[in-house]
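Text of upload_11.cif (mmCIF, C-alpha atoms) as supplied:
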data_data
#
loop_
_atom_site.label_atom_id
_atom_site.label_comp_id
_atom_site.auth_asym_id
_atom_site.auth_seq_id
_atom_site.Cartn_x
_atom_site.Cartn_y
_atom_site.Cartn_z
CA MET A 25 -6.21 -22.58 -9.52
CA ASN A 26 -4.22 -22.47 -12.77
CA LEU A 27 -0.49 -23.18 -12.76
CA PHE A 28 1.39 -22.06 -15.83
CA TYR A 29 4.94 -23.06 -16.47
CA PHE A 30 6.95 -21.16 -19.08
CA ASP A 31 10.12 -23.05 -19.78
CA SER A 32 12.95 -21.69 -21.87
CA THR A 33 15.55 -24.09 -20.49
CA ASN A 34 16.77 -27.39 -21.78
CA PRO A 35 13.75 -29.75 -21.76
CA HIS A 36 15.61 -32.42 -19.79
CA GLU A 37 15.66 -30.12 -16.74
CA ASP A 38 12.38 -31.33 -15.40
CA TRP A 39 12.96 -30.72 -11.71
CA TRP A 40 9.57 -29.06 -11.57
CA LYS A 41 7.93 -32.48 -11.79
CA LYS A 42 8.97 -33.00 -8.18
CA VAL A 43 6.55 -30.30 -7.20
CA ASP A 44 3.84 -32.83 -7.93
CA ARG A 45 1.19 -30.49 -9.25
CA ASN A 46 -0.57 -30.25 -12.56
CA PHE A 47 1.01 -27.54 -14.64
CA ILE A 48 0.01 -26.10 -17.96
CA LYS A 49 3.44 -26.30 -19.51
CA ILE A 50 4.54 -24.01 -22.29
CA GLU A 51 7.82 -25.38 -23.56
CA ASN A 52 10.71 -23.61 -25.22
CA HIS A 53 9.10 -20.23 -25.00
CA GLU A 54 11.22 -17.25 -25.79
CA PHE A 55 11.82 -15.33 -22.64
CA LEU A 56 11.05 -11.84 -23.84
CA LYS A 57 8.16 -12.97 -25.94
CA SER A 58 6.40 -14.30 -22.87
CA LEU A 59 5.17 -10.82 -22.07
CA PHE A 60 3.70 -10.30 -25.47
CA VAL A 61 2.09 -13.68 -25.30
CA LEU A 62 0.54 -12.83 -21.95
CA SER A 63 -0.69 -9.43 -23.02
CA GLY A 64 -2.34 -10.88 -26.15
CA SER A 65 -6.10 -10.92 -25.99
CA ASN A 66 -6.39 -14.68 -26.42
CA TYR A 67 -4.25 -15.37 -23.39
CA LYS A 68 -6.07 -12.83 -21.31
CA LYS A 69 -9.29 -14.63 -22.05
CA ILE A 70 -7.82 -18.01 -21.23
CA ILE A 71 -5.60 -17.16 -18.30
CA PHE A 72 -7.08 -14.25 -16.45
CA LYS A 73 -10.40 -15.68 -15.56
CA LYS A 74 -12.23 -13.66 -12.99
CA ASN A 75 -12.20 -15.16 -9.50
CA GLU A 76 -9.55 -17.70 -10.41
CA LYS A 77 -6.05 -17.75 -9.06
CA ASN A 78 -3.15 -17.96 -11.48
CA PHE A 79 0.30 -19.09 -10.53
CA PHE A 80 2.96 -18.36 -13.14
CA ILE A 81 6.39 -19.88 -13.24
CA PHE A 82 9.02 -18.48 -15.55
CA HIS A 83 12.03 -20.69 -15.84
CA SER A 84 14.94 -19.22 -17.68
CA GLY A 85 18.45 -20.43 -18.44
CA GLU A 86 21.24 -18.28 -17.10
CA ALA A 87 22.63 -17.05 -20.40
CA TYR A 88 19.29 -16.02 -21.74
CA PHE A 89 18.28 -14.31 -18.53
CA ASN A 90 21.44 -12.27 -18.27
CA LYS A 91 21.30 -11.21 -21.89
CA SER A 92 17.77 -9.91 -21.83
CA PHE A 93 17.16 -9.06 -18.20
CA GLU A 94 17.15 -5.28 -18.41
CA THR A 95 14.80 -5.13 -21.35
CA TRP A 96 12.57 -7.70 -19.81
CA GLN A 97 12.47 -5.85 -16.50
CA LYS A 98 11.31 -2.62 -18.14
CA GLU A 99 8.69 -4.41 -20.21
CA TRP A 100 7.54 -6.33 -17.18
CA ASN A 101 6.95 -3.21 -15.10
CA LYS A 102 5.08 -1.59 -17.96
CA PHE A 103 3.00 -4.70 -18.51
CA TRP A 104 1.85 -4.82 -14.90
CA LYS A 105 1.09 -1.13 -14.71
CA ASP A 106 -1.22 -1.59 -17.66
CA ASN A 107 -2.81 -4.71 -16.18
CA SER A 108 -2.81 -4.00 -12.47
CA ASP A 109 -6.37 -5.21 -12.00
CA PHE A 110 -5.09 -8.78 -12.33
CA GLU A 111 -2.66 -8.44 -9.49
CA LYS A 112 -4.60 -9.91 -6.63
CA ASN A 113 -5.24 -13.20 -8.37
CA LEU A 114 -1.73 -13.73 -9.52
CA PHE A 115 1.49 -15.09 -8.16
CA VAL A 116 4.68 -15.08 -10.18
CA CYS A 117 7.75 -17.20 -9.59
CA PHE A 118 11.02 -16.85 -11.39
CA PHE A 119 13.57 -19.60 -11.57
CA SER A 120 17.01 -19.20 -12.92
CA SER A 121 20.16 -21.18 -12.53
CA GLY A 122 23.72 -20.43 -11.52
CA THR A 123 25.13 -17.16 -10.29
CA ILE A 124 22.61 -14.63 -11.48
CA ARG A 125 22.21 -11.71 -9.16
CA PHE A 126 18.85 -10.17 -8.94
CA ASP A 127 17.45 -7.07 -7.28
CA ARG A 128 13.84 -7.87 -6.51
CA ARG A 129 13.02 -4.27 -5.78
CA LYS A 130 13.49 -3.33 -9.39
CA ILE A 131 10.43 -5.38 -10.18
CA GLU A 132 7.50 -3.16 -9.34
CA TYR A 133 4.61 -5.51 -10.02
CA PRO A 134 3.04 -7.63 -8.86
CA LYS A 135 3.50 -7.72 -5.10
CA ASN A 136 3.08 -11.46 -5.21
CA PHE A 137 6.45 -12.19 -6.69
CA GLU A 138 9.27 -14.53 -5.80
CA PHE A 139 12.60 -15.19 -7.38
CA PHE A 140 14.54 -18.41 -6.97
CA GLN A 141 18.10 -17.71 -7.83
CA ASN A 142 19.67 -21.06 -7.34
CA TYR A 143 17.70 -24.23 -7.72
CA SER A 144 20.64 -26.61 -7.46
CA ASN A 145 19.70 -27.25 -3.86
CA GLN A 146 16.48 -28.70 -5.09
CA ASN A 147 14.93 -30.17 -2.00
CA LYS A 148 14.94 -26.89 -0.13
CA THR A 149 13.86 -24.92 -3.17
CA ILE A 150 11.04 -27.24 -4.02
CA SER A 151 9.87 -27.32 -0.45
CA LYS A 152 9.76 -23.51 -0.34
CA PHE A 153 8.12 -23.40 -3.74
CA LYS A 154 5.42 -25.86 -2.67
CA ARG A 155 4.75 -23.72 0.37
CA PHE A 156 4.15 -20.68 -1.83
CA ILE A 157 1.76 -22.58 -4.07
CA ASN A 158 -0.21 -23.88 -1.11
CA GLN A 159 -0.37 -20.53 0.64
CA PHE A 160 -1.45 -18.76 -2.50
CA GLU A 161 -4.06 -21.38 -3.27
CA LYS A 162 -5.45 -21.14 0.23
CA ASN A 163 -5.21 -17.42 0.92
CA GLY A 164 -4.98 -15.75 -2.47
CA MET A 165 -2.15 -13.52 -1.37
CA ILE A 166 1.19 -14.01 0.30
CA THR A 167 4.02 -11.68 1.04
CA PRO A 168 7.27 -13.45 0.44
CA ASN A 169 10.12 -12.04 2.41
CA ILE A 170 13.03 -12.84 0.20
CA PHE A 171 15.54 -11.21 2.52
CA GLU A 172 14.32 -12.89 5.66
CA ASN A 173 17.75 -13.84 7.04
CA GLN A 174 19.24 -10.42 6.55
CA THR A 175 16.14 -8.84 8.09
CA ALA A 176 16.39 -11.16 11.05
CA LEU A 177 20.05 -10.28 11.55
CA PHE A 178 19.17 -6.58 11.45
CA ILE A 179 16.51 -7.04 14.14
CA LEU A 180 18.91 -9.01 16.35
CA CYS A 181 21.47 -6.23 15.99
CA GLN A 182 18.81 -3.76 17.12
CA GLY A 183 18.18 -5.85 20.23
CA TYR A 184 21.86 -6.28 20.97
CA LEU A 185 22.63 -2.58 20.60
CA ALA A 186 19.60 -1.56 22.66
CA ALA A 187 20.67 -3.86 25.47
CA HIS A 188 24.14 -2.32 25.37
CA GLY A 189 23.13 1.31 25.47
CA GLY A 190 21.19 1.90 22.28
CA GLU A 191 22.77 5.23 21.36
CA SER A 192 23.54 4.21 17.78
CA LEU A 193 19.96 3.09 17.06
CA ARG A 194 17.90 5.39 14.89
CA GLY A 195 14.95 6.59 16.97
CA TRP A 196 16.46 5.54 20.31
CA ALA A 197 16.29 9.05 21.77
CA LYS A 198 12.53 9.13 21.28
CA LEU A 199 11.80 5.91 23.15
CA SER A 200 10.26 5.98 26.61
CA PRO A 201 12.62 5.78 29.62
CA GLU A 202 10.69 2.71 30.83
CA LEU A 203 11.37 0.80 27.65
CA LYS A 204 15.01 1.88 27.61
CA ASN A 205 15.51 0.65 31.14
CA LYS A 206 13.75 -2.61 30.40
CA VAL A 207 15.92 -3.51 27.40
CA ARG A 208 19.14 -2.36 29.03
CA GLY A 209 18.55 -5.01 31.64
CA LYS A 210 18.81 -7.67 28.94
CA GLN A 211 22.52 -7.27 28.33
CA THR A 212 23.44 -10.74 29.53
CA GLU A 213 20.90 -12.44 27.29
CA THR A 214 22.26 -10.79 24.17
CA GLU A 215 25.82 -11.76 25.04
CA LYS A 216 25.01 -15.45 24.70
CA LYS A 217 25.58 -17.28 21.44
CA ASP A 218 21.98 -18.33 21.71
CA TRP A 219 20.96 -14.80 20.83
CA TRP A 220 22.00 -15.32 17.20
CA ARG A 221 20.43 -18.75 16.94
CA GLY A 222 18.57 -19.19 13.68
CA ILE A 223 20.79 -16.92 11.65
CA GLU A 224 22.18 -18.86 8.71
CA THR A 225 25.28 -16.93 7.81
CA GLY A 226 25.51 -18.35 4.27
CA LYS A 227 22.01 -17.20 3.48
CA VAL A 228 22.67 -13.71 4.79
CA LYS A 229 25.72 -13.48 2.56
CA ALA A 230 23.75 -14.61 -0.49
CA GLU A 231 20.97 -12.12 0.25
CA LEU A 232 23.46 -9.34 0.72
CA GLU A 233 25.11 -10.16 -2.60
CA SER A 234 21.80 -9.90 -4.39
CA LEU A 235 21.14 -6.49 -2.85
CA LEU A 236 24.54 -5.08 -3.65
CA PHE A 237 24.25 -6.02 -7.27
CA ASN A 238 22.63 -3.47 -9.50
CA PRO A 239 22.15 -4.74 -13.06
CA ALA A 240 20.76 -1.47 -14.35
CA ASP A 241 24.05 0.35 -13.79
CA GLU A 242 26.75 -1.89 -15.13
CA GLY A 243 25.23 -4.80 -16.93
CA PRO A 244 23.95 -8.07 -15.63
CA GLN A 245 27.10 -9.81 -14.46
CA LYS A 246 29.11 -6.96 -13.03
CA ARG A 247 28.80 -5.76 -9.51
CA VAL A 248 28.34 -2.17 -8.50
CA THR A 249 30.88 -1.24 -5.91
CA PRO A 250 30.14 2.15 -4.42
CA GLU A 251 32.18 2.83 -1.31
CA SER A 252 29.24 2.63 1.07
CA ASN A 253 28.13 -0.78 -0.22
CA ILE A 254 31.57 -2.34 0.08
CA LYS A 255 31.85 -0.99 3.59
CA GLY A 256 28.47 -2.34 4.60
CA LYS A 257 29.18 -5.74 3.11
CA GLU A 258 32.52 -6.11 4.84
CA GLN A 259 31.08 -5.09 8.17
CA VAL A 260 28.18 -7.50 7.94
CA GLU A 261 30.62 -10.26 7.02
CA ASN A 262 32.73 -9.36 10.05
CA LEU A 263 29.72 -9.81 12.26
CA LEU A 264 28.83 -13.13 10.65
CA LYS A 265 32.36 -14.35 11.24
CA GLN A 266 32.15 -13.35 14.88
CA ILE A 267 28.84 -15.10 15.29
CA GLU A 268 30.36 -18.27 13.86
CA GLU A 269 33.35 -17.95 16.16
CA ASP A 270 31.27 -17.08 19.20
CA GLY A 271 33.01 -13.84 20.00
CA LEU A 272 31.19 -10.54 19.90
CA ASP A 273 32.17 -6.96 20.02
CA LEU A 274 29.84 -3.96 20.38
CA GLU A 275 31.60 -1.98 17.69
CA ILE A 276 31.33 -4.81 15.17
CA VAL A 277 27.61 -5.18 15.84
CA ARG A 278 27.08 -1.44 15.51
CA ASP A 279 28.96 -1.25 12.22
CA ALA A 280 27.07 -4.25 10.83
CA TYR A 281 23.78 -2.67 11.91
CA LEU A 282 24.65 0.50 9.99
CA GLY A 283 25.82 -1.54 7.01
CA LEU A 284 22.60 -3.57 6.95
CA ALA A 285 20.51 -0.43 7.30
CA ASP A 286 22.31 1.03 4.32
CA SER A 287 21.93 -2.04 2.13
CA MET A 288 18.28 -2.67 3.06
CA LYS A 289 17.07 0.87 2.58
CA PRO A 290 14.82 1.04 -0.49
CA LYS A 291 16.81 2.51 -3.37
CA VAL A 292 15.05 5.26 -5.28
CA MET B 30 3.28 2.25 20.84
CA ILE B 31 2.59 -1.08 22.54
CA TRP B 32 2.70 -4.22 20.41
CA LYS B 33 -0.66 -5.97 20.79
CA ILE B 34 -1.17 -9.64 21.54
CA ASN B 35 -3.20 -10.40 18.41
CA PRO B 36 -2.37 -7.69 15.94
CA MET B 37 -3.47 -7.54 12.31
CA LYS B 38 -0.77 -9.28 10.30
CA ASN B 39 0.57 -7.81 7.09
CA ARG B 40 -1.05 -10.40 4.83
CA LYS B 41 -4.56 -9.89 6.22
CA TRP B 42 -4.13 -6.14 6.02
CA LEU B 43 -3.05 -6.38 2.39
CA GLU B 44 -6.12 -8.42 1.63
CA LEU B 45 -8.27 -5.75 3.23
CA ARG B 46 -6.38 -3.06 1.33
CA SER B 47 -6.75 -4.88 -1.96
CA ARG B 48 -10.48 -5.41 -1.48
CA LEU B 49 -11.25 -1.97 -0.15
CA HIS B 50 -8.92 0.35 -2.00
CA HIS B 51 -8.03 -1.41 -5.21
CA ASP B 52 -11.21 -3.32 -5.96
CA TRP B 53 -13.82 -0.97 -4.58
CA LEU B 54 -12.47 2.59 -4.33
CA GLN B 55 -10.22 2.71 -7.39
CA ASN B 56 -11.93 0.32 -9.74
CA SER B 57 -15.54 0.95 -8.84
CA TYR B 58 -16.30 4.11 -6.88
CA ILE B 59 -13.79 6.46 -8.50
CA THR B 60 -14.70 5.14 -11.92
CA PHE B 61 -18.32 5.94 -11.09
CA LEU B 62 -17.48 9.42 -9.79
CA ASN B 63 -15.32 10.19 -12.80
CA ALA B 64 -18.14 9.23 -15.09
CA ARG B 65 -20.91 11.10 -13.27
CA ALA B 66 -19.60 14.00 -11.20
CA ASP B 67 -19.61 16.68 -13.89
CA HIS B 68 -23.00 15.64 -15.15
CA LEU B 69 -24.52 15.51 -11.66
CA GLU B 70 -23.58 19.07 -10.91
CA GLY B 71 -26.09 20.48 -13.37
CA SER B 72 -28.76 17.89 -13.88
CA LEU B 73 -29.78 16.78 -10.40
CA ARG B 74 -32.52 19.26 -9.84
CA ARG B 75 -33.91 18.75 -13.28
CA SER B 76 -34.05 15.02 -13.48
CA GLU B 77 -35.44 12.51 -11.05
CA LYS B 78 -34.18 9.75 -13.32
CA VAL B 79 -30.59 10.92 -12.81
CA ARG B 80 -31.09 10.98 -9.05
CA LEU B 81 -32.44 7.46 -8.91
CA ASP B 82 -29.72 6.33 -11.23
CA VAL B 83 -26.84 7.45 -9.03
CA LYS B 84 -28.33 7.22 -5.55
CA GLU B 85 -27.51 3.60 -4.84
CA GLN B 86 -23.93 3.70 -6.02
CA PHE B 87 -23.22 7.06 -4.41
CA ALA B 88 -24.45 5.67 -1.09
CA GLU B 89 -21.83 2.89 -1.15
CA TRP B 90 -19.36 5.20 0.58
CA LYS B 91 -21.30 4.92 3.81
CA GLU B 92 -21.13 1.14 3.70
CA LYS B 93 -17.34 1.24 3.45
CA GLU B 94 -16.65 3.67 6.29
CA GLY B 95 -16.28 0.92 8.89
CA GLU B 96 -13.78 -0.97 6.77
CA PHE B 97 -11.76 2.17 6.16
CA ARG B 98 -11.64 2.84 9.90
CA LEU B 99 -10.41 -0.68 10.50
CA PHE B 100 -7.85 -0.31 7.72
CA PHE B 101 -6.33 2.82 9.26
CA GLN B 102 -6.54 1.54 12.83
CA THR B 103 -4.62 -1.60 11.91
CA ALA B 104 -2.03 -0.03 9.60
CA VAL B 105 0.57 0.40 12.34
CA ASP B 106 0.43 -3.22 13.46
CA ALA B 107 0.25 -4.58 9.94
CA LEU B 108 3.41 -2.79 8.87
CA SER B 109 5.33 -3.35 12.10
CA PRO B 110 8.45 -5.54 12.00
CA ALA B 111 7.38 -6.99 15.37
CA GLN B 112 5.36 -9.64 13.49
CA LEU B 113 8.60 -11.02 12.01
CA LEU B 114 9.45 -12.40 15.43
CA ASP B 115 6.63 -14.89 15.02
CA GLU B 116 8.12 -16.22 11.81
CA PRO B 117 11.29 -18.15 10.97
CA PRO B 118 14.08 -17.68 11.78
CA LEU B 119 13.36 -15.32 14.70
CA CYS B 120 10.54 -17.45 16.10
CA GLN B 121 13.28 -19.80 17.32
CA MET B 122 14.26 -17.32 20.06
CA THR B 123 13.16 -17.86 23.62
CA HIS B 124 9.71 -16.55 24.50
CA GLU B 125 11.14 -14.05 26.94
CA ASN B 126 13.60 -12.57 24.47
CA ARG B 127 11.02 -12.43 21.73
CA THR B 128 8.64 -10.53 23.99
CA TRP B 129 10.92 -7.62 24.79
CA LEU B 130 12.50 -7.56 21.34
CA LYS B 131 9.05 -7.27 19.77
CA GLU B 132 8.27 -4.34 22.01
CA LEU B 133 11.55 -2.68 21.10
CA VAL B 134 11.41 -3.10 17.31
CA HIS B 135 7.78 -2.00 17.28
CA ALA B 136 8.57 1.15 19.26
CA LEU B 137 11.53 1.98 16.99
CA PHE B 138 9.35 1.43 13.93
CA VAL B 139 6.65 3.74 15.28
CA VAL B 140 8.99 6.61 16.14
CA ASN B 141 10.96 6.31 12.90
CA SER B 142 8.13 5.82 10.43
CA GLN B 143 5.59 8.39 11.67
CA ILE B 144 3.05 5.81 10.60
CA GLU B 145 0.62 6.58 13.41
CA LYS B 146 0.36 10.19 12.32
CA ARG B 147 -0.14 9.22 8.67
CA ALA B 148 -2.90 6.78 9.58
CA GLU B 149 -4.59 9.35 11.82
CA LEU B 150 -4.50 12.01 9.11
CA LEU B 151 -5.98 9.63 6.58
CA SER B 152 -8.65 8.64 9.04
CA ALA B 153 -9.55 12.29 9.66
CA GLU B 154 -9.63 12.90 5.92
CA MET B 155 -12.03 10.04 5.48
CA GLU B 156 -14.37 11.43 8.16
CA LYS B 157 -14.32 14.81 6.42
CA ILE B 158 -15.20 13.22 3.09
CA SER B 159 -17.99 11.35 4.84
CA VAL B 160 -19.56 14.60 6.02
CA THR B 161 -19.56 15.94 2.47
CA GLN B 162 -20.89 12.67 1.17
CA SER B 163 -23.81 12.84 3.63
CA LEU B 164 -24.68 16.36 2.49
CA LEU B 165 -24.56 15.35 -1.14
CA MET B 166 -26.64 12.29 -0.36
CA GLN B 167 -29.36 14.54 1.03
CA ILE B 168 -29.24 16.55 -2.15
CA ILE B 169 -29.56 13.42 -4.26
CA SER B 170 -32.45 12.29 -2.09
CA MET B 171 -34.04 15.74 -2.47
CA GLU B 172 -34.49 16.00 1.26
CA ASP B 173 -33.43 19.59 1.11
CA ASN B 174 -33.46 21.45 -2.18
CA LEU B 175 -31.58 24.39 -0.79
CA LEU B 176 -28.57 22.43 0.40
CA LEU B 177 -26.62 22.75 -2.82
CA GLU B 178 -26.98 26.51 -2.77
CA GLN B 179 -26.45 26.92 0.97
CA ASN B 180 -23.34 24.77 1.30
CA ASP B 181 -20.01 25.00 -0.32
CA VAL B 182 -20.17 21.46 -1.63
CA SER B 183 -20.16 20.03 -5.10
CA PHE B 184 -19.91 16.65 -6.70
CA VAL B 185 -16.78 17.65 -8.55
CA SER B 186 -14.95 18.75 -5.42
CA PHE B 187 -16.17 15.59 -3.66
CA ARG B 188 -14.69 13.50 -6.47
CA ASP B 189 -11.43 15.43 -6.26
CA SER B 190 -11.24 14.84 -2.50
CA VAL B 191 -11.81 11.13 -3.00
CA LEU B 192 -9.10 11.02 -5.67
CA GLU B 193 -6.63 12.73 -3.35
CA PHE B 194 -7.62 10.41 -0.53
CA SER B 195 -6.97 7.41 -2.77
CA ARG B 196 -3.60 8.78 -3.83
CA LYS B 197 -2.55 9.06 -0.19
CA ILE B 198 -3.63 5.48 0.50
CA SER B 199 -1.51 4.37 -2.48
CA ASP B 200 1.46 6.09 -0.86
CA LEU B 201 1.21 3.93 2.26
CA PRO B 202 3.79 1.14 2.30
CA HIS B 203 2.69 -2.37 1.45
CA GLU B 204 5.37 -4.43 3.10
CA VAL B 205 6.58 -4.75 6.67
CA GLN B 206 8.86 -1.82 7.40
CA VAL B 207 12.15 -2.92 8.90
CA VAL B 208 14.65 -0.14 8.23
#

What does the file become when written as structure tokens?
Amino acid sequence: MNLFYFDSTNPHEDWWKKVDRNFIKIENHEFLKSLFVLSGSNYKKIIFKKNEKNFFIFHSGEAYFNKSFETWQKEWNKFWKDNSDFEKNLFVCFFSSGTIRFDRRKIEYPKNFEFFQNYSNQNKTISKFKRFINQFEKNGMITPNIFENQTALFILCQGYLAAHGGESLRGWAKLSPELKNKVRGKQTETEKKDWWRGIETGKVKAELESLLFNPADEGPQKRVTPESNIKGKEQVENLLKQIEEDGLDLEIVRDAYLGLADSMKPKV
Amino acid sequence: MIWKINPMKNRKWLELRSRLHHDWLQNSYITFLNARADHLEGSLRRSEKVRLDVKEQFAEWKEKEGEFRLFFQTAVDALSPAQLLDEPPLCQMTHENRTWLKELVHALFVVNSQIEKRAELLSAEMEKISVTQSLLMQIISMEDNLLLEQNDVSFVSFRDSVLEFSRKISDLPHEVQVV
């Protein structure tokens, strides 16, 4: 497997050495130019060898990323549409520092794509990063679930609401009476704090932030604040607060469920 | 609507999809059909060389039928959010809670996504294409010279059906469907 590391950050930021793998390092590359470099025929010959896996890491400083993100995003999508036959042997990781907000769903290709927004917590990041490399090397394809905490919270809300009547759940009316009766009997279980075990409230908040942000509309560092998004965010935060405080309320869970559904729905 | 004990996970299904649809159907078989369908329409009866030339590649469809059936049969499980309960952080729940929650989220996913119906329709479409492919295969093999005249089949319409079939596969979601 080939590991390529495109670094446009200050050379002293060599955290990636902790990953303990052999990288082909391309230093001080210009962020936008990376695409043109990759699409050049020489690189295709070198990098995209048939039957070989290629793991790309793009590491960009915050200022540079914010400045050129929109252009890069458009070029990136175009690049992968033109070169989609490489997709299965490729995994792409993005690293960027600080407070950048990123909507993964605006990146269309490839499916094997992960974005690390904040690498200051290096041990966790590097551990996750290593896992991706190993999985990709072993299996050739992985499906990173970047919103795993938010997704988990959504599923727990579904369970809680079903156990307490289920009427607000989309699709509830079409479920079998047997299943409805079975889950309604689980009310006590979902009332326990244990039900929400595993939910890291800080991570859910961070994931929610990244979804609410829409760089295409207002520029990279501003946040879009349509009414529905603000509402959803506040309601999810209310639920997180209640989970932390160990006090739950059906209405709060229902509102958070609707808020999460709204924020997680693929935007067209 | 029941969540199985050992269902096809999303990653395995995507591998199958990539191999079957992207690598074979789109990049190989459709490329072949696009290059040969128009030509085949007129020259088959005249040229044995053309027949021999296309026979082997045209027959590949039959070899892939089993994989396509598996792909459609496993689509529901592979896209179901129930599998997320086997992964962090939800795998930390008690076994009992995970069991009924899996059943619930899977059932909600099935009724909301209509995925079963989509997979069934695609499966039926594949079987229909297979019937046409068999007829055309007989024509290529010259087992029955009259088939082309007697049946309302053509290589061009076969290619168009395969293209439409591929487009519908592309429309299937890739990732686990939660909302």

Counting all atoms listed in the file, chain A residues within 6 Å of chain B, as a PyMOL selection string: chain A and resi 195+222+285

Shell around stretch 206-214 of chain A at 8 Å using all atoms listed in the file, local window under 5 positions removed, as a list in words: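 The neighbour list is Gly183, Tyr184, Ala186, Ala187, His188, Gly189 and Trp219 of chain A; Asn126, Trp129 and Leu133 of chain B.
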
Selection result of the PyMOL selection byres ((chain A and resi 275-279) around 12) on this file, as a PyMOL selection string: chain A and resi 177-194+214-215+220+252+255-267+271-274+280-286

Surrounding residues of B:Trp90 excluding itself and chain neighbours under 4 positions, 9 Å, all atoms listed in the file, as a PyMOL selection string: chain B and resi 54+58+86+94+159+162

Residues near B:Met37, cut-off 9 Å, all atoms listed in the file, skip fewer than 5 positions along chain, as a VMD selection string: chain B and resid 42 103 to 107

Please list as a compact mmCIF listing (two decimals) with C-alpha atoms, in the frame of the given file every residue within 12 Å of A:Asn46, counting all atoms listed in the file and excluding residues in the same chain fewer than 2 positions away.
# COMPACT_ATOMS: atom_id res chain seq x y z
CA MET A 25 -6.21 -22.58 -9.52
CA ASN A 26 -4.22 -22.47 -12.77
CA LEU A 27 -0.49 -23.18 -12.76
CA PHE A 28 1.39 -22.06 -15.83
CA TYR A 29 4.94 -23.06 -16.47
CA TRP A 40 9.57 -29.06 -11.57
CA LYS A 41 7.93 -32.48 -11.79
CA LYS A 42 8.97 -33.00 -8.18
CA VAL A 43 6.55 -30.30 -7.20
CA ASP A 44 3.84 -32.83 -7.93
CA ILE A 48 0.01 -26.10 -17.96
CA LYS A 49 3.44 -26.30 -19.51
CA PHE A 79 0.30 -19.09 -10.53
CA ILE A 157 1.76 -22.58 -4.07

For atom CA of B:Arg65 and atom CA of B:Arg188, the interatomic separation in Å (one decimal): 9.5 Å

Output check: residues returned by the PyMOL selection byres ((chain B and resi 185) around 12), as a list in words: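 Taken over the shown coordinates, the PyMOL selection byres ((chain B and resi 185) around 12) returns Ile59, Leu62, Asn63, Ala64, Arg65, Ala66, Asp67, His68, Leu69, Glu70, Gly71, Thr161, Gln162, Leu165, Asp181, Val182, Ser183, Phe184, Ser186, Phe187, Arg188, Asp189, Ser190, Val191 and Leu192 of chain B.
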
Residues within 8 Å of A:Cys117, all atoms listed in the file, excluding chain neighbours under 5 positions, as a list in words: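 That gives Phe79, Phe80, Ile81, Phe82, Phe137, Glu138, Phe139 and Phe140 of chain A.
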
Distance in Å - atom CA of A:Ser287 versus atom CA of A:Ser151: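 Calculated distance between atom CA of A:Ser287 and atom CA of A:Ser151 is 28.1 Å.
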
Atom CA of B:Lys91 to atom CA of B:Ser109, straight-line distance in Å: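 So the answer is 29.1 Å.
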